Amino acid sequence: MAQPQHFFMNMKKYKFFICVFLFISNYSFAEATASECYFDNTLGGPWSIYGGNSKIQISNSIPTGTVLAARGITVFGVYTGKPGGPDIVRIKGSWISGGVGGDLADYHTVATNIPGIGLRWRYSSSSTPDGILLRNATPIILAEEAAKTSAVGTGSIQLSTIQELILTGNTSGGIVSSTPGAATNFIIDAIDSAGIVSRSCNATGDFGDKYTLDLGNVQVQNICEIETPSIQVRMGYFSTTDFPSINSPSLQGGTQFSIRLNNCTAEAKPRIYFIDINNRSNTSDLLTLSPTTELGAPSAQGVSIRLRLISSNKIINFGTNNSYSMGSVFGNMVEMPLQADYIRTGTVTAGHANAAAEFFIDYP
């Protein structure tokens with residue numbers, strides 16, 4: 001009379017992207033002198049969380065040093081280019097402070113407001129190798145090119161950077177919003193052929209607003225990983241005489257099984273929801289039996305299937321409005337023991353009884 005009950009969980013895979021920058025200049029190189037230099041229109045793109053999630057999710061299987069989220073920031077240096085020179089226009093920069101907890105030595109990051117989450121800047125230009133912004137007393141050259149004249153009297157030099165959030169250690173989670181104490185030193189200047197720095201092209205950029213990370217309500221969550229994405233629960237065989245009364249389980253008892261999570265962080269607090277696959281609007285404590293059975297066998301009548309939490313003897317209600325704690329992390333794992341019972345709902349007739357549920361896990 002019984003058939004396997006299937007439980008499914010949609011797995012999320014982390015994806016990592018490598019950004020490649022290509023710069024093509026359409027300027028003709030003509031010797032020029034640069035003056036009146038400044039930074040203008042420094043634009044930041046939206047944050048992209050790797051894995052396509054709406055929240056940054058951390059499990060014990062994610063190694064420190066992993067990039068969790070990133071956004072691009074394009075830096076524009078502007079100058080007046082006049083015939084003369086030749087001058088070389090440069091953008092230079094380095095971290096000059098980073099707050100307590102930054103791990104520059106290992107991951108070249110500075111601390112955010114969330115311990116265990118660091119921020120770093122990568123940069124790329126047409127004139128210098130790709131690199132990571134480092135802490136230096138003297139700013140290093142990030143981009144440089146020959147000054148040019150133009151019809152509108154101004155020229156520009158562009159530096160592409162990427163801000164990355166990095167896992168630098170254990171984290172309690174929360175909303176990443178700022179990098180307290182972080183500061184960088186960005187400079188646009190020019191040098192002549194003798195290596196002398198221009199007095200008329202030398203300006204410092206203030207990018208303080210770029211340390212307000214503006215992730216909105218995006219959170220860092222401590223999570224687990226599902227051990228088995230599909231669980232079969234074999235109920236066995238029953239007689240119609242095993243169901244003496246309405247709304248009661250069979251006299252033979254139910255079938256116990258477990259949902260296990262591994263690679264949990266100690267701070268993970270998983271909650272689980274169960275959805276009736278045959279009736280997704282179902283919010284009762286009884287699963288809907290499938291109208292079809294294997295090999296055309298007749299469907300049983302007058303019975304349903306109910307799930308119960310063994311730890312608390314609590315009956316599961318289905319639907320997205322009903323969630324249940326899976327318990328505490330022990331040894332990087334969480335195990336949730338359950339029992340499936342046949343329940344009499346009316347006059348019992350013999351046949352196959354198939355039902356299915358899917359579950360998903362959330363981390364508040």
# chains A, B, ... in the order shown; residues from 1 in each chain; ligands from 1
call {"tool": "select_by_dssp", "arguments": {"residues": "range 198-257 of chain A", "states": "helix (DSSP H, G or I)", "output": "VMD selection string"}}
result
chain A and resid 208 to 211 240 to 242
call {"tool": "residues_around", "arguments": {"residues": "Ile114 in chain A", "least_positions_apart": "6", "cutoff": "10 Å", "atoms": "only C-alpha atoms", "output": "PyMOL selection string"}}
result
chain A and resi 101+171-179+220
call {"tool": "residues_around", "arguments": {"residues": "Phe318 in chain A", "least_positions_apart": "6", "cutoff": "10 Å", "atoms": "only C-alpha atoms", "output": "ChimeraX atom specification"}}
result
/A:273-276,279-287,306-307,357-359
call {"tool": "closest_atom_pairs", "arguments": {"of": "range 42-61 of chain A", "to": "range 73-96 of chain A", "cutoff": "8 Å", "atoms": "only C-alpha atoms", "output": "Markdown table"}}
result
| residue | atom | partner | partner_atom | distance |
| --- | --- | --- | --- | --- |
| A:Thr42 | CA | A:Val75 | CA | 4.7 |
| A:Leu43 | CA | A:Thr74 | CA | 5.3 |
| A:Gly44 | CA | A:Ile73 | CA | 4.2 |
| A:Gly45 | CA | A:Ile73 | CA | 6.1 |
call {"tool": "closest_residue", "arguments": {"among": "A:Thr128, A:Ser200, A:Thr112, A:Thr33", "to": "Ala147 in chain A", "atoms": "only C-alpha atoms"}}
result
A:Thr33
call {"tool": "select_by_dssp", "arguments": {"residues": "range 80-122 of chain A", "states": "strand (DSSP E)", "output": "list in words"}}
result
Thr80, Gly81, Lys82, Pro83, Ile88, Val89, Arg90, Ile91, Lys92, Gly93, Ser94, Trp95, Ile96, Ser97, Gly98, Val110, Ala111, Ile117, Gly118, Leu119, Arg120, Trp121 and Arg122 of chain A
call {"tool": "residues_around", "arguments": {"residues": "Cys201 in chain A", "least_positions_apart": "4", "cutoff": "7 Å", "atoms": "only C-alpha atoms", "output": "compact mmCIF listing (two decimals) with N, CA, C and O atoms, in the first residue's frame"}}
result
# COMPACT_ATOMS: atom_id res chain seq x y z
N ALA A 34 50.31 68.69 -19.59
CA ALA A 34 49.08 68.53 -18.81
C ALA A 34 49.04 69.56 -17.68
O ALA A 34 50.05 69.80 -17.01
N SER A 35 47.87 70.13 -17.47
CA SER A 35 47.68 71.07 -16.36
C SER A 35 46.23 70.98 -15.90
O SER A 35 45.40 70.31 -16.52
N GLU A 36 45.93 71.65 -14.77
CA GLU A 36 44.56 71.72 -14.24
C GLU A 36 43.95 70.33 -14.11
O GLU A 36 42.87 70.04 -14.62
N CYS A 37 44.65 69.46 -13.42
CA CYS A 37 44.22 68.06 -13.31
C CYS A 37 43.25 67.89 -12.13
O CYS A 37 43.40 68.53 -11.09
N ASP A 189 48.62 63.12 -11.36
CA ASP A 189 49.69 64.09 -11.57
C ASP A 189 50.30 63.86 -12.94
O ASP A 189 49.84 63.01 -13.72
N ALA A 190 51.33 64.61 -13.24
CA ALA A 190 52.04 64.48 -14.52
C ALA A 190 53.52 64.70 -14.29
O ALA A 190 53.93 65.46 -13.40
call {"tool": "residues_around", "arguments": {"residues": "range 46-62 of chain A", "least_positions_apart": "6", "cutoff": "6 Å", "atoms": "only C-alpha atoms", "output": "tab-separated table (two decimals) with N, CA and C atoms, in the first residue's frame"}}
result
chain	number	residue	atom	x	y	z
A	14	TYR	N	27.73	28.06	-6.13
A	14	TYR	CA	28.48	29.30	-6.19
A	14	TYR	C	29.21	29.38	-7.52
A	15	LYS	N	29.12	30.53	-8.11
A	15	LYS	CA	29.81	30.76	-9.37
A	15	LYS	C	30.80	31.91	-9.17
A	68	LEU	N	33.25	37.19	-2.30
A	68	LEU	CA	31.82	36.99	-2.04
A	68	LEU	C	30.93	37.88	-2.90
A	69	ALA	N	31.37	39.08	-3.16
A	69	ALA	CA	30.60	40.04	-3.95
A	69	ALA	C	31.56	41.07	-4.52
A	70	ALA	N	31.14	41.74	-5.58
A	70	ALA	CA	32.02	42.72	-6.21
A	70	ALA	C	31.21	43.77	-6.93
A	71	ARG	N	31.84	44.92	-7.14
A	71	ARG	CA	31.25	45.96	-7.98
A	71	ARG	C	32.39	46.72	-8.67
A	218	VAL	N	21.03	43.70	1.89
A	218	VAL	CA	21.72	42.44	1.59
A	218	VAL	C	22.52	42.01	2.81
A	219	GLN	N	22.33	40.78	3.22
A	219	GLN	CA	22.94	40.29	4.45
A	219	GLN	C	23.99	39.23	4.17
A	220	VAL	N	24.87	39.07	5.16
A	220	VAL	CA	25.77	37.94	5.19
A	220	VAL	C	25.14	36.90	6.12
A	221	GLN	N	24.90	35.70	5.59
A	221	GLN	CA	24.26	34.64	6.35
A	221	GLN	C	25.21	33.47	6.55
A	222	ASN	N	25.16	32.88	7.74
A	222	ASN	CA	25.86	31.64	8.00
A	222	ASN	C	24.92	30.49	7.69
A	223	ILE	N	25.35	29.58	6.81
A	223	ILE	CA	24.44	28.54	6.32
A	223	ILE	C	25.08	27.16	6.43
A	224	CYS	N	24.30	26.17	6.03
A	224	CYS	CA	24.75	24.77	5.94
A	224	CYS	C	24.57	24.30	4.49
A	263	ASN	N	28.66	20.91	6.78
A	263	ASN	CA	29.44	22.13	6.51
A	263	ASN	C	28.78	23.37	7.08
A	264	CYS	N	28.13	23.22	8.22
A	264	CYS	CA	27.46	24.35	8.86
A	264	CYS	C	28.48	25.22	9.60
A	265	THR	N	28.28	26.52	9.55
A	265	THR	CA	29.02	27.39	10.46
A	265	THR	C	28.36	27.31	11.83
call {"tool": "atom_distance", "arguments": {"atom1": "CA of Ala203 in chain A", "atom2": "CA of Glu144 in chain A"}}
result
14.8 Å
call {"tool": "residues_around", "arguments": {"residues": "Gly118 in chain A", "least_positions_apart": "2", "cutoff": "6 Å", "atoms": "only C-alpha atoms", "output": "VMD selection string"}}
result
chain A and resid 109 to 112 165 to 166
call {"tool": "write_last_selection", "arguments": {"atoms": "N, CA, C and O atoms", "output": "mmCIF file, in the first residue's frame"}}
result
data_model
loop_
_atom_site.group_PDB
_atom_site.id
_atom_site.type_symbol
_atom_site.label_atom_id
_atom_site.label_comp_id
_atom_site.auth_asym_id
_atom_site.auth_seq_id
_atom_site.Cartn_x
_atom_site.Cartn_y
_atom_site.Cartn_z
ATOM 1 N N THR A 109 43.050 43.145 2.273
ATOM 2 C CA THR A 109 41.762 43.780 2.538
ATOM 3 C C THR A 109 41.868 44.715 3.733
ATOM 4 O O THR A 109 42.822 44.662 4.503
ATOM 5 N N VAL A 110 40.845 45.553 3.859
ATOM 6 C CA VAL A 110 40.630 46.315 5.087
ATOM 7 C C VAL A 110 39.321 45.844 5.688
ATOM 8 O O VAL A 110 38.474 45.244 5.021
ATOM 9 N N ALA A 111 39.160 46.100 6.963
ATOM 10 C CA ALA A 111 37.993 45.584 7.683
ATOM 11 C C ALA A 111 36.726 46.337 7.309
ATOM 12 O O ALA A 111 36.741 47.554 7.100
ATOM 13 N N THR A 112 35.627 45.620 7.208
ATOM 14 C CA THR A 112 34.310 46.236 7.117
ATOM 15 C C THR A 112 33.704 46.267 8.515
ATOM 16 O O THR A 112 34.342 45.892 9.498
ATOM 17 N N LEU A 165 34.345 42.113 -1.826
ATOM 18 C CA LEU A 165 34.173 41.685 -0.445
ATOM 19 C C LEU A 165 34.752 40.284 -0.315
ATOM 20 O O LEU A 165 34.390 39.379 -1.079
ATOM 21 N N ILE A 166 35.637 40.091 0.650
ATOM 22 C CA ILE A 166 36.393 38.860 0.807
ATOM 23 C C ILE A 166 36.087 38.241 2.164
ATOM 24 O O ILE A 166 35.982 38.954 3.173
#
call {"tool": "residues_around", "arguments": {"residues": "range 309-313 of chain A", "least_positions_apart": "5", "cutoff": "9 Å", "atoms": "only C-alpha atoms", "output": "VMD selection string"}}
result
chain A and resid 256 336 to 339
call {"tool": "closest_residue", "arguments": {"among": "A:Ser245, A:Ser198, A:Asn136, A:Asn354", "to": "Leu289 in chain A", "atoms": "only C-alpha atoms"}}
result
A:Asn354
call {"tool": "closest_residue", "arguments": {"among": "A:Gly72, A:Gly346, A:Gly65, A:Gly327", "to": "Ser304 in chain A", "atoms": "only C-alpha atoms"}}
result
A:Gly346
call {"tool": "closest_residue", "arguments": {"among": "A:Asp106, A:Asp214, A:Asp209, A:Asp40", "to": "Gly169 in chain A", "atoms": "only C-alpha atoms"}}
result
A:Asp106
call {"tool": "atom_distance", "arguments": {"atom1": "CA of His352 in chain A", "atom2": "CA of Ser299 in chain A"}}
result
4.8 Å
